[in-house]
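Asker: Have a look at the structure that comes next, please.
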Amino acid sequence: MSGAAPLSGAASAPDADALPALTVEGLEVSVRTEAGLRPLVSGLSFTLARGETLAIAGESGSGKSITSLAIMGLLPPPAVRITGGRIKLGRTELTDLPEGRMRAIRGDRVAMIFQEPMTSLNPVLTIGTQLAEAIRAHETVSKAEARARALEALRSVRLSQPERRLDQYPHELSGGMRQRVMIAMALALRPEVLIADEPTTALDVTVQREVLDLLRDLQRELGTAIILITHDMGVVAEMADRVIVMRDGRMVEEGRATQIFTEPRADYTRALLAAVPRMGAGRGRPPVEAEPIARLSDLQVRFDLKGGLLGRTQARVHAVEHVSFDIRRGETFALVGESGCGKSTIAKAMVGLVPHEGRIEIGGQTLGTLDAAGRKALRRRVQIVFQDPMAALDPRMRIGDLIAEPLVIHGIGTPEERRARVGDLLTRVGLSPAQMERYPHEFSGGQRQRICIARALALRPELIIADESVSALDVSVQARVLDLLAALKREFGIALLFISHDMAVVENVSDRVAVMYLGQIVEMGTRDQVFGNPQHPYTRRLIEAVPVPDPLHQRPPAPRLAGEIPSPVHPVGAGPERVRLADVGAGHLVAG
Amino acid sequence: MTDATAAERPIRAKGALRRLAERPLALFGLFLILLVVGGAVLAPLVAPFDPSEQHFDGLTIEGAPLPPGGVFLLGTDLLGRDLLSRILWGARTSLIIGVAANGLALVIGTLVGLTAGYFRGWIGAVLMRFTDLMMAFPALLLAICLAAIFQPSLWIVAMVIAFVNWVQTARVIFTETSALSEREFIAAERTLGAGTGRILFRHILPHLLPTIIVWGTLGISTTVLLEATLSYLGVGVQPPTPSWGNIIFENQTYFQSAPWLVFIPGAAILLLALAFNLVGDALRDVLDPTQRGRD
C-alpha cells in the first residue's frame, strides 16, 4: 500500500510545476529566556514537493512541533519567534508576513490538524456551523452553499450519517469521528499543504488505522502535500515518502523512507529504530508456572448514571462485566484493549479506588471483606503505577518525601532508615540519591515514571499494576523503563499486571494476555497462543491495526472501515450480552 | 553533592525566609505590616494626643475641622479630635478585625470547603446547602441581629464578622478541593494507604494555599469595612473607640469640605490590605516549589 502511494501521488500532482509546495531554509526558532535567546530549532532546511508526504520524526523536545507552528505562523508570542531562515509556501514568503495576510493563508493554503481533536473544536458550536464558518472565512459563499460544502467535506472523510453529524456537537462524537471532522475542516478548502501534528496519537489503534487510510486516500485524490509530525516510527513507515529525523532542534538525518528504515546513517536514527517495539520480538519464553497472587472471579464494575428530577439511576455504564482471571506470582499478565474497554477500571477496582461486585482475591485475602487495618495492610502487597507520572506525583513534594511517603504512611523505619531506603530505591531505578531534594517538575517524563516505580517498590509489593505506565513516554525512554520493570520483576519476583493499548509492547513483555472488548474478556491465553494464533476477530483486528515500522511491509487489503465501538451504557435492568469463553486448547480461551 | 543536599534539609524553612527576603516588594509589604502593628501596639506611647480628647484649638473659628499640618499632623475631625491619634488607636481595632476576624473566617471557610469538597455525599450536601443559605441571607442583617443579641464589644464584633465572612472562602475552597480530589496524585496517595487526614492536610491543603492567601488578603478590606458599617449602625465597636472604618463613616458626609478625614483612614485600610497582599503573593511564590529558580 505504501509502495503505491508515491506512484499515484505523482500522477495527481501537477508535474509541470516543479516549484516545491513548501521550502524551509535554515529555519531557526528561539525562545527568549532570562539567560538570553535559547534556540529550539536551528538550521533546519527541507523542501516539500507537491503531493508528497514528508514525515518529521523525533522524540519530545526535538522541535518537530515548533517547526509546524512556525510554518503556520502560530508560535506563541512574544517569547518564541523565528530568529533566522525563511519559510516559503510556493512563491509566498511566510516568515515576515503580517498577521492579517497570514490569517488569509492559514486554512486556505496551509492547514493543520492537531493531536487532540476535542480541544481543537469549539465545544459550544455544532460541527456544521464550525465547518461552514471555516469555509466562509476564506470564500464568499452563501450560508446554504457553505453548509452544502460542509456536508460534502464530511462525506469525503467517510463519516457515518454525515447529515446528522452537521447538527451534532463535538462531545457527541467519538475521538476518531472528531479527528475525521478536523481532517474534513482542514481539507475543505483544498490547501496546498496539510500539517498533521501527531494526528493519531490520541486515537486507538483500530481508529488510527482508519484515519491513516483516510489521510492517504484523500491525499491521492487531492494531491495535497502532507507534513506528518509523529513520534511513532510505525506511522512514519506506513505514510511517509521521505523522512526527516530530528533531535534537540536539529535535523539528524533526511532521506527516503525506505532508506531511513533499511540503512539508517545516523546513530540516533538507528537507536530510535532499535527502541521501537516490534511485533514478534518477544516470542519463545515459556509461561511462568506458579500459584496465583491475585485471583479475580466474576468481577463487575458498573457506574450509575443519575438523572431526572429525583436523581434516580437512569442508566448504567457497564465498565467491567464478569471478568475472571488469575495472575501468577512472578509473571507478567497483560490486559489489552482500546479506550473504554474497562482495563483501567479493573486496575482501579484492584486497588480499591472504585467499588466492585464479584470477588478480588489478593494473596488469599478477599478485597471488600477487610476492615480498615486489613485494607491498609493489603496496600503493601499491591501497588499501582499510573500512566502520567506528572499527574501521579504531588508537585509540591520533594522526590525524597514522595518515595518515603508509603514508608511514612505504614510507619516503617526511622527517618534515617527511610532516607537510606529512598536512596537505595533511587539508585535501583537508575537515579541518584542526590536528587532526593528536587521536585517532580525538575525531572523528565521518563525519570518521573522511574520515581513512581521507586515509590511503588518502597513497600516491597508482590504485585505491581502498571496502568498504561509507558504509553506517554518516548520510545527510547519507554524501552528503558520496560527494561527496568523486567529487571525489577526478575530481581524481586514481583508479578506485573501490565495494562496497555499497545499490542507491540504487550507482545514483547507479557507472559499471558487477556484481550478486552466492551468490559469483557474476549480472548485469553499465553502470549504465544494469543499473538501466534489469534482466534477472536477483535484480537485479529487489533493485531492487524498495529503500524509496522517497515515501509516495505505489504498490508493485506482490508475494507475501509469507519466503525464505532458500541456504547457500554445500558438502561437499568438491561445489560450487554455475556460472552462465553471456550477452551480451544491448552488453556487458550476464546469468546464464542 | 550528597553532603550538600543532606545539609540542606534543616535549613529548608530558612531557605524560604531568605527567598522571601530577596523580594523588595515583599519586604516593603512586611515593613508596612510592621508599621501598622507597631503603631497599634505602641499607640499609648506614640500617639501625640488622647484619641477621644476634643481639642478646643482643634477647630477653626467657624467650627470646621483643621486640615493636616501644624500641631495636628494629620488634621482634626469634626469634634476637634486629633486624626493621627485616632488612626493609631484605630489600628488596634482594625488589625483585630482585619487579621483575627478575617483569619477566623478563613479557617472556618477552609475547613468547611475542604470537608465538603473531599467527602461530598451527604456531608458535602449539608455543608454546602448551609453555605448557600448563609450566602443568600443578607450578611449585614445577620451581623446586625447577632451583634444586637450579644453585648457589642470588639471581640464579639470580630466573631460576628468571622461568622458572616467565611462563606465565600468555603465556596471557592469547595470547588478547588473537589477538583483536587479527582487528581491522580490523590488517587495514588490512596493506593499507598494514606488516611483521610494525611490526604487532606498534607496533600490537598498545600495546593489550596494560593487561593487561601488571595482570599485572605481580599478579606482584610472587606472585614475592616464591614466593621465600619456595623459601627455606623451602632452595633459595632462603640464610640468613642476609634476604628479606621468608623472614622470614615463618621466623616463621609463632609467628604467635600474635609477630604482628609475620609482619605487618610481610607489610605490606611488600602495600605494594610496592600501590605498583606504583597507579602501573601511573595509567600505563595516562595512556598510553591515549581516556582523555584524562576525568580
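How things are named: the first chain in the C-alpha cells is A, the next is B, and so on; residues count from 1 in each chain; ligands count from 1 in the order shown.
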Write out as a PyMOL selection string which residues come within 7 Å of Thr217 in chain B when counting only C-alpha atoms, dropping same-chain ones fewer than 2 positions away.
Answerer: chain B and resi 213-215+219-220+273+276-277
Asker: At a cut-off of 7 Å, which residues of chain A touch chain B? Count only C-alpha atoms and give the answer as a VMD selection string.
Answerer: chain A and resid 351 376 379 383 391 to 394 396 406 409 434 437 439 441
Asker: From range 179-270 of chain B, collect each residue whose DSSP state is helix (DSSP H, G or I) and return the set as a PyMOL selection string.
Answerer: chain B and resi 179-181+184-192+196-232+244-254+260-270
Asker: Hey, what's within 10 Å of Asn246 in chain B if we count only C-alpha atoms and toss same-chain stuff fewer than 6 positions away? As a PyMOL selection string, please?
Answerer: chain B and resi 90+94+224-233+236-240+252+265
Asker: Please list as a list in words every residue within 10 Å of Arg171 in chain B, counting only C-alpha atoms and excluding residues in the same chain fewer than 3 positions away.
Answerer: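 After dropping sequence-adjacent residues, the list is Gly109, Thr110, Val112, Gly113, Leu114, Ala116, Gly117, Met128, Thr131, Asp132, Met135, Trp166, Val167, Gln168, Phe174, Thr175, Glu176 and Thr177 of chain B.
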Asker: For C-alpha atoms, I'd like the residues from the last selection saved as a PDB file, in the first residue's frame.
Answerer:
```
ATOM      1  CA  GLY B 109     -14.291  28.649  55.306  1.00  0.00           C
ATOM      2  CA  THR B 110     -11.322  26.440  54.502  1.00  0.00           C
ATOM      3  CA  VAL B 112     -15.994  23.711  55.593  1.00  0.00           C
ATOM      4  CA  GLY B 113     -14.922  23.828  51.939  1.00  0.00           C
ATOM      5  CA  LEU B 114     -12.290  21.153  52.414  1.00  0.00           C
ATOM      6  CA  ALA B 116     -17.484  19.303  51.779  1.00  0.00           C
ATOM      7  CA  GLY B 117     -15.237  19.132  48.725  1.00  0.00           C
ATOM      8  CA  MET B 128     -22.775  23.422  51.012  1.00  0.00           C
ATOM      9  CA  THR B 131     -23.189  27.785  52.922  1.00  0.00           C
ATOM     10  CA  ASP B 132     -25.647  28.703  50.176  1.00  0.00           C
ATOM     11  CA  MET B 135     -24.828  33.411  51.178  1.00  0.00           C
ATOM     12  CA  TRP B 166     -16.442  32.562  55.785  1.00  0.00           C
ATOM     13  CA  VAL B 167     -18.992  31.698  53.118  1.00  0.00           C
ATOM     14  CA  GLN B 168     -17.204  32.933  50.010  1.00  0.00           C
ATOM     15  CA  PHE B 174     -15.050  23.593  47.962  1.00  0.00           C
ATOM     16  CA  THR B 175     -14.721  23.911  44.218  1.00  0.00           C
ATOM     17  CA  GLU B 176     -10.956  23.615  44.292  1.00  0.00           C
ATOM     18  CA  THR B 177     -10.966  20.690  46.681  1.00  0.00           C
TER      19      THR B 177
END
```
Asker: Can you tell me which residues surround Asn102 in chain B at a distance of at most 10 Å, considering only C-alpha atoms, apart from same-chain residues fewer than 4 positions away, and format the answer as a list in words?
Answerer: Leu95, Ile96, Ile97, Gly98, Leu106, Val107, Ile108, Ala158, Met159, Ile161, Ala162, Phe163, Asn165, Trp166, Trp215, Gly216, Thr217, Leu218, Gly219, Ile220, Ser221, Thr222, Thr223 and Val224 of chain B
Asker: Write the selection just made, keeping N, CA and C atoms, as an mmCIF file, in the first residue's frame?
Answerer:
```
data_model
loop_
_atom_site.group_PDB
_atom_site.id
_atom_site.type_symbol
_atom_site.label_atom_id
_atom_site.label_comp_id
_atom_site.auth_asym_id
_atom_site.auth_seq_id
_atom_site.Cartn_x
_atom_site.Cartn_y
_atom_site.Cartn_z
ATOM 1 N N LEU B 95 -6.843 46.071 63.100
ATOM 2 C CA LEU B 95 -5.982 44.893 62.991
ATOM 3 C C LEU B 95 -6.689 43.668 63.542
ATOM 4 N N ILE B 96 -7.343 43.836 64.679
ATOM 5 C CA ILE B 96 -8.050 42.698 65.268
ATOM 6 C C ILE B 96 -9.124 42.205 64.306
ATOM 7 N N ILE B 97 -9.859 43.168 63.720
ATOM 8 C CA ILE B 97 -10.916 42.780 62.782
ATOM 9 C C ILE B 97 -10.298 42.195 61.514
ATOM 10 N N GLY B 98 -9.360 42.937 60.935
ATOM 11 C CA GLY B 98 -8.823 42.551 59.639
ATOM 12 C C GLY B 98 -7.973 41.300 59.705
ATOM 13 N N LEU B 106 -11.427 32.742 57.514
ATOM 14 C CA LEU B 106 -10.660 31.957 56.547
ATOM 15 C C LEU B 106 -10.551 30.505 57.014
ATOM 16 N N VAL B 107 -10.286 30.329 58.311
ATOM 17 C CA VAL B 107 -10.137 28.975 58.851
ATOM 18 C C VAL B 107 -11.464 28.221 58.725
ATOM 19 N N ILE B 108 -12.565 28.890 59.141
ATOM 20 C CA ILE B 108 -13.867 28.227 59.044
ATOM 21 C C ILE B 108 -14.161 27.876 57.588
ATOM 22 N N ALA B 158 -15.802 40.948 66.235
ATOM 23 C CA ALA B 158 -14.880 40.141 65.430
ATOM 24 C C ALA B 158 -15.497 38.774 65.119
ATOM 25 N N MET B 159 -16.100 38.164 66.150
ATOM 26 C CA MET B 159 -16.734 36.854 65.955
ATOM 27 C C MET B 159 -17.853 36.949 64.914
ATOM 28 N N ILE B 161 -18.272 39.090 62.583
ATOM 29 C CA ILE B 161 -17.730 39.302 61.236
ATOM 30 C C ILE B 161 -17.173 38.003 60.676
ATOM 31 N N ALA B 162 -16.478 37.239 61.512
ATOM 32 C CA ALA B 162 -15.952 35.950 61.057
ATOM 33 C C ALA B 162 -17.101 35.054 60.632
ATOM 34 N N PHE B 163 -18.185 35.099 61.407
ATOM 35 C CA PHE B 163 -19.305 34.203 61.148
ATOM 36 C C PHE B 163 -20.010 34.504 59.829
ATOM 37 N N ASN B 165 -18.448 36.004 57.240
ATOM 38 C CA ASN B 165 -17.496 36.188 56.142
ATOM 39 C C ASN B 165 -16.842 34.927 55.607
ATOM 40 N N TRP B 166 -17.160 33.761 56.220
ATOM 41 C CA TRP B 166 -16.442 32.562 55.785
ATOM 42 C C TRP B 166 -17.047 31.967 54.524
ATOM 43 N N TRP B 215 -7.758 35.028 49.038
ATOM 44 C CA TRP B 215 -8.996 35.364 49.750
ATOM 45 C C TRP B 215 -8.708 36.034 51.078
ATOM 46 N N GLY B 216 -7.633 35.604 51.710
ATOM 47 C CA GLY B 216 -7.262 36.205 52.987
ATOM 48 C C GLY B 216 -6.948 37.684 52.830
ATOM 49 N N THR B 217 -6.195 38.033 51.798
ATOM 50 C CA THR B 217 -5.835 39.442 51.652
ATOM 51 C C THR B 217 -7.024 40.259 51.172
ATOM 52 N N LEU B 218 -7.846 39.637 50.306
ATOM 53 C CA LEU B 218 -9.042 40.359 49.871
ATOM 54 C C LEU B 218 -9.958 40.617 51.063
ATOM 55 N N GLY B 219 -9.981 39.649 51.972
ATOM 56 C CA GLY B 219 -10.883 39.721 53.116
ATOM 57 C C GLY B 219 -10.545 40.850 54.067
ATOM 58 N N ILE B 220 -9.292 41.289 54.078
ATOM 59 C CA ILE B 220 -8.896 42.325 55.038
ATOM 60 C C ILE B 220 -9.726 43.591 54.834
ATOM 61 N N SER B 221 -9.770 44.076 53.603
ATOM 62 C CA SER B 221 -10.515 45.310 53.395
ATOM 63 C C SER B 221 -12.020 45.107 53.597
ATOM 64 N N THR B 222 -12.544 43.949 53.144
ATOM 65 C CA THR B 222 -13.975 43.706 53.328
ATOM 66 C C THR B 222 -14.340 43.690 54.798
ATOM 67 N N THR B 223 -13.533 42.988 55.614
ATOM 68 C CA THR B 223 -13.890 42.879 57.023
ATOM 69 C C THR B 223 -13.739 44.216 57.735
ATOM 70 N N VAL B 224 -12.680 44.950 57.403
ATOM 71 C CA VAL B 224 -12.490 46.256 58.049
ATOM 72 C C VAL B 224 -13.689 47.166 57.733
#
```
Asker: Find the spatial neighbours of Val71 in chain B, counting only C-alpha atoms, within a cut-off of 12 Å - ignore same-chain residues fewer than 2 positions away - and output them as a PDB file with N, CA and C atoms, in the first residue's frame.
Answerer:
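To be explicit, this is the file written out as around.pdb:
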```
ATOM      1  N   PRO B  48       0.244  61.357  69.675  1.00  0.00           N
ATOM      2  CA  PRO B  48       0.510  62.674  70.275  1.00  0.00           C
ATOM      3  C   PRO B  48      -0.554  63.093  71.274  1.00  0.00           C
ATOM      4  N   PHE B  49      -1.779  62.638  71.085  1.00  0.00           N
ATOM      5  CA  PHE B  49      -2.865  63.056  71.985  1.00  0.00           C
ATOM      6  C   PHE B  49      -3.730  61.864  72.354  1.00  0.00           C
ATOM      7  N   HIS B  55     -10.144  68.774  71.220  1.00  0.00           N
ATOM      8  CA  HIS B  55      -9.286  69.939  71.422  1.00  0.00           C
ATOM      9  C   HIS B  55     -10.038  71.212  71.080  1.00  0.00           C
ATOM     10  N   ASP B  57      -8.566  73.999  70.409  1.00  0.00           N
ATOM     11  CA  ASP B  57      -7.907  74.612  69.253  1.00  0.00           C
ATOM     12  C   ASP B  57      -7.881  73.677  68.054  1.00  0.00           C
ATOM     13  N   GLY B  58      -8.654  72.591  68.126  1.00  0.00           N
ATOM     14  CA  GLY B  58      -8.686  71.641  67.018  1.00  0.00           C
ATOM     15  C   GLY B  58      -9.713  72.021  65.976  1.00  0.00           C
ATOM     16  N   LEU B  59     -10.404  73.097  66.151  1.00  0.00           N
ATOM     17  CA  LEU B  59     -11.411  73.521  65.173  1.00  0.00           C
ATOM     18  C   LEU B  59     -11.136  74.955  64.773  1.00  0.00           C
ATOM     19  N   LEU B  66      -9.639  71.044  61.232  1.00  0.00           N
ATOM     20  CA  LEU B  66      -8.396  71.577  60.692  1.00  0.00           C
ATOM     21  C   LEU B  66      -7.792  70.625  59.664  1.00  0.00           C
ATOM     22  N   PRO B  67      -7.268  71.164  58.570  1.00  0.00           N
ATOM     23  CA  PRO B  67      -6.565  70.302  57.613  1.00  0.00           C
ATOM     24  C   PRO B  67      -5.207  69.873  58.175  1.00  0.00           C
ATOM     25  N   PRO B  68      -4.566  68.831  57.584  1.00  0.00           N
ATOM     26  CA  PRO B  68      -3.261  68.359  58.076  1.00  0.00           C
ATOM     27  C   PRO B  68      -2.250  69.491  58.152  1.00  0.00           C
ATOM     28  N   GLY B  69      -1.369  69.409  59.131  1.00  0.00           N
ATOM     29  CA  GLY B  69      -0.320  70.412  59.278  1.00  0.00           C
ATOM     30  C   GLY B  69      -0.307  70.951  60.701  1.00  0.00           C
ATOM     31  N   LEU B  73      -0.863  66.801  63.078  1.00  0.00           N
ATOM     32  CA  LEU B  73      -0.142  66.423  61.857  1.00  0.00           C
ATOM     33  C   LEU B  73      -1.059  65.999  60.711  1.00  0.00           C
ATOM     34  N   LEU B  74      -2.086  65.233  61.079  1.00  0.00           N
ATOM     35  CA  LEU B  74      -2.996  64.765  60.020  1.00  0.00           C
ATOM     36  C   LEU B  74      -4.318  65.518  60.076  1.00  0.00           C
ATOM     37  N   GLY B  75      -4.340  66.622  60.818  1.00  0.00           N
ATOM     38  CA  GLY B  75      -5.565  67.394  60.913  1.00  0.00           C
ATOM     39  C   GLY B  75      -6.459  66.886  62.036  1.00  0.00           C
ATOM     40  N   THR B  76      -7.669  67.447  62.113  1.00  0.00           N
ATOM     41  CA  THR B  76      -8.599  67.054  63.174  1.00  0.00           C
ATOM     42  C   THR B  76      -9.936  66.687  62.533  1.00  0.00           C
ATOM     43  N   ARG B  81     -10.980  66.298  67.336  1.00  0.00           N
ATOM     44  CA  ARG B  81     -10.066  65.279  67.856  1.00  0.00           C
ATOM     45  C   ARG B  81      -8.914  65.093  66.865  1.00  0.00           C
ATOM     46  N   ASP B  82      -7.746  64.735  67.386  1.00  0.00           N
ATOM     47  CA  ASP B  82      -6.555  64.595  66.545  1.00  0.00           C
ATOM     48  C   ASP B  82      -6.669  63.330  65.692  1.00  0.00           C
ATOM     49  N   LEU B  83      -6.597  63.498  64.357  1.00  0.00           N
ATOM     50  CA  LEU B  83      -6.801  62.362  63.460  1.00  0.00           C
ATOM     51  C   LEU B  83      -5.679  61.346  63.573  1.00  0.00           C
ATOM     52  N   LEU B  84      -4.417  61.806  63.698  1.00  0.00           N
ATOM     53  CA  LEU B  84      -3.288  60.890  63.793  1.00  0.00           C
ATOM     54  C   LEU B  84      -3.459  59.964  64.991  1.00  0.00           C
ATOM     55  N   SER B  85      -3.842  60.532  66.132  1.00  0.00           N
ATOM     56  CA  SER B  85      -4.008  59.701  67.322  1.00  0.00           C
ATOM     57  C   SER B  85      -5.133  58.704  67.118  1.00  0.00           C
TER      58      SER B  85
END
```
Asker: Which neighbours of range 158-175 of chain A fall inside 10 Å, counting only C-alpha atoms, when residues of the same chain fewer than 5 positions from it are skipped, and could you give them as a ChimeraX atom specification?
Answerer: /A:116-132,147-148,150-153,180-181,184,200,202-204,207,210-211,214,560-565
Asker: Nearest to Val252 in chain A: which of A:Ala134, A:Ala79, A:Ala479, A:Ile56 is it, counting only C-alpha atoms?
Answerer: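 Checking each of A:Ala134, A:Ala79, A:Ala479, A:Ile56 against Val252 in chain A, counting only C-alpha atoms, the winner is A:Ile56.
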Asker: Select, from A:Pro571, A:Gly58, A:Gly587, A:Pro576, the residue with the minimum atom-to-atom distance to Met524 in chain A, counting only C-alpha atoms.
Answerer: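 Looking at the shortest contact to Met524 in chain A, the residue is A:Gly587.
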Asker: Quick check for you: according to DSSP on this backbone, which residues of range 43-279 of chain B are classed as strand (DSSP E or B)? Reply as a list in words.
Answerer: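 Secondary structure check on range 43-279 of chain B, strand (DSSP E or B): Leu59, Pro65, Gly69, Phe72, Thr76 and Asp82 of chain B.
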Asker: Using Å and a single decimal, report how far CA of Gln449 in chain A sits from CA of Val205 in chain A.
Answerer: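 That distance, rounded to one decimal, is 23.5 Å.
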